[in-house]
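Before any comments, here is the structure.
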Amino acid sequence: GAVVSQHPSWVICKSGTSVKIECRSLDFQATTMFWYRQFPKQSLMLMATSNEGSKATYEQGVEKDKFLINHASLTLSTLTVTSAHPEDSSFYICSAIRDSIWGEPQHFGDGTRLSIL
Amino acid sequence: SQELEQSPQSLIVQEGKNLTINCTSSKTLYGLYWYKQKYGEGLIFLMMLQKGGEEKSHEKITAKLDEKKQQSSLHITASQPSHAGIYLCGAPLSGGGSEKLVFGKGTKLTVNP
């Protein structure tokens, strides 16, 4: 149980385009989802916390207008990288929590590798 | 801000050998999660430790939490090539009760057959 699916797994697109990444909890309802960014040989960097039906909470230094997050249902959160540029190229990973109880582990998707030309 | 330092950064062992990975926090630990990541993929949840002195085992992997030292260790016994990957520790942000996690940079494990 606790499977999280992330799509697409790999995206290559031209500079200036917008890219949408989906994160789905397949066998549970996720009250909270998280979006991370990971650079090579670096730790996961939390970008934002997404709660169903409310606005996402962004971490300091993350541009809200650049990284749009929508958590429309208890099983789906989307991250849209708007007007993407080469510096946005990275590995993006989402995670979901089954219940909002302390100690519940985050379950991760397989990540999306984004390359902006 | 809380930081997690993992050591070693990378580790190469011969199949069958035991190994230990450490995760040290700059602040009080209110719990500790261990994950495994294969390059370019997501994280697989391994274990969660919630209180000082706690020790958990799953197959050949054992994790301990030393609250006083603000440290956790992950020990693999009789390593196998399937254990290869990047091991990351994650901890709830300061104050506990937070769903947000801060992660270490990971330890890359290579197991040679």
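Identifiers in the structure tokens: chain A, B, ... in order shown; residue index from 1 per chain; ligand index from 1 in order shown.
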
With 12 Å as the limit and counting only C-alpha atoms, what residues in chain B lie close to chain A? Please list them as a ChimeraX atom specification.
/B:3-6,9-10,30-51,86-93,95-108

Sel. of strand (DSSP E or B) residues, chain A, as a VMD selection string:
chain A and resid 4 to 7 10 to 13 19 to 25 32 to 38 44 to 51 57 to 58 67 to 73 76 to 81 90 to 97 107 to 108 112 to 116

Which residue gives the smallest distance to Lys60 (chain B) among B:Pro8, B:Pro113, B:Gly85, B:Gly16, with only C-alpha atoms counted?
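Result for the nearest residue to Lys60 (chain B): B:Gly16.
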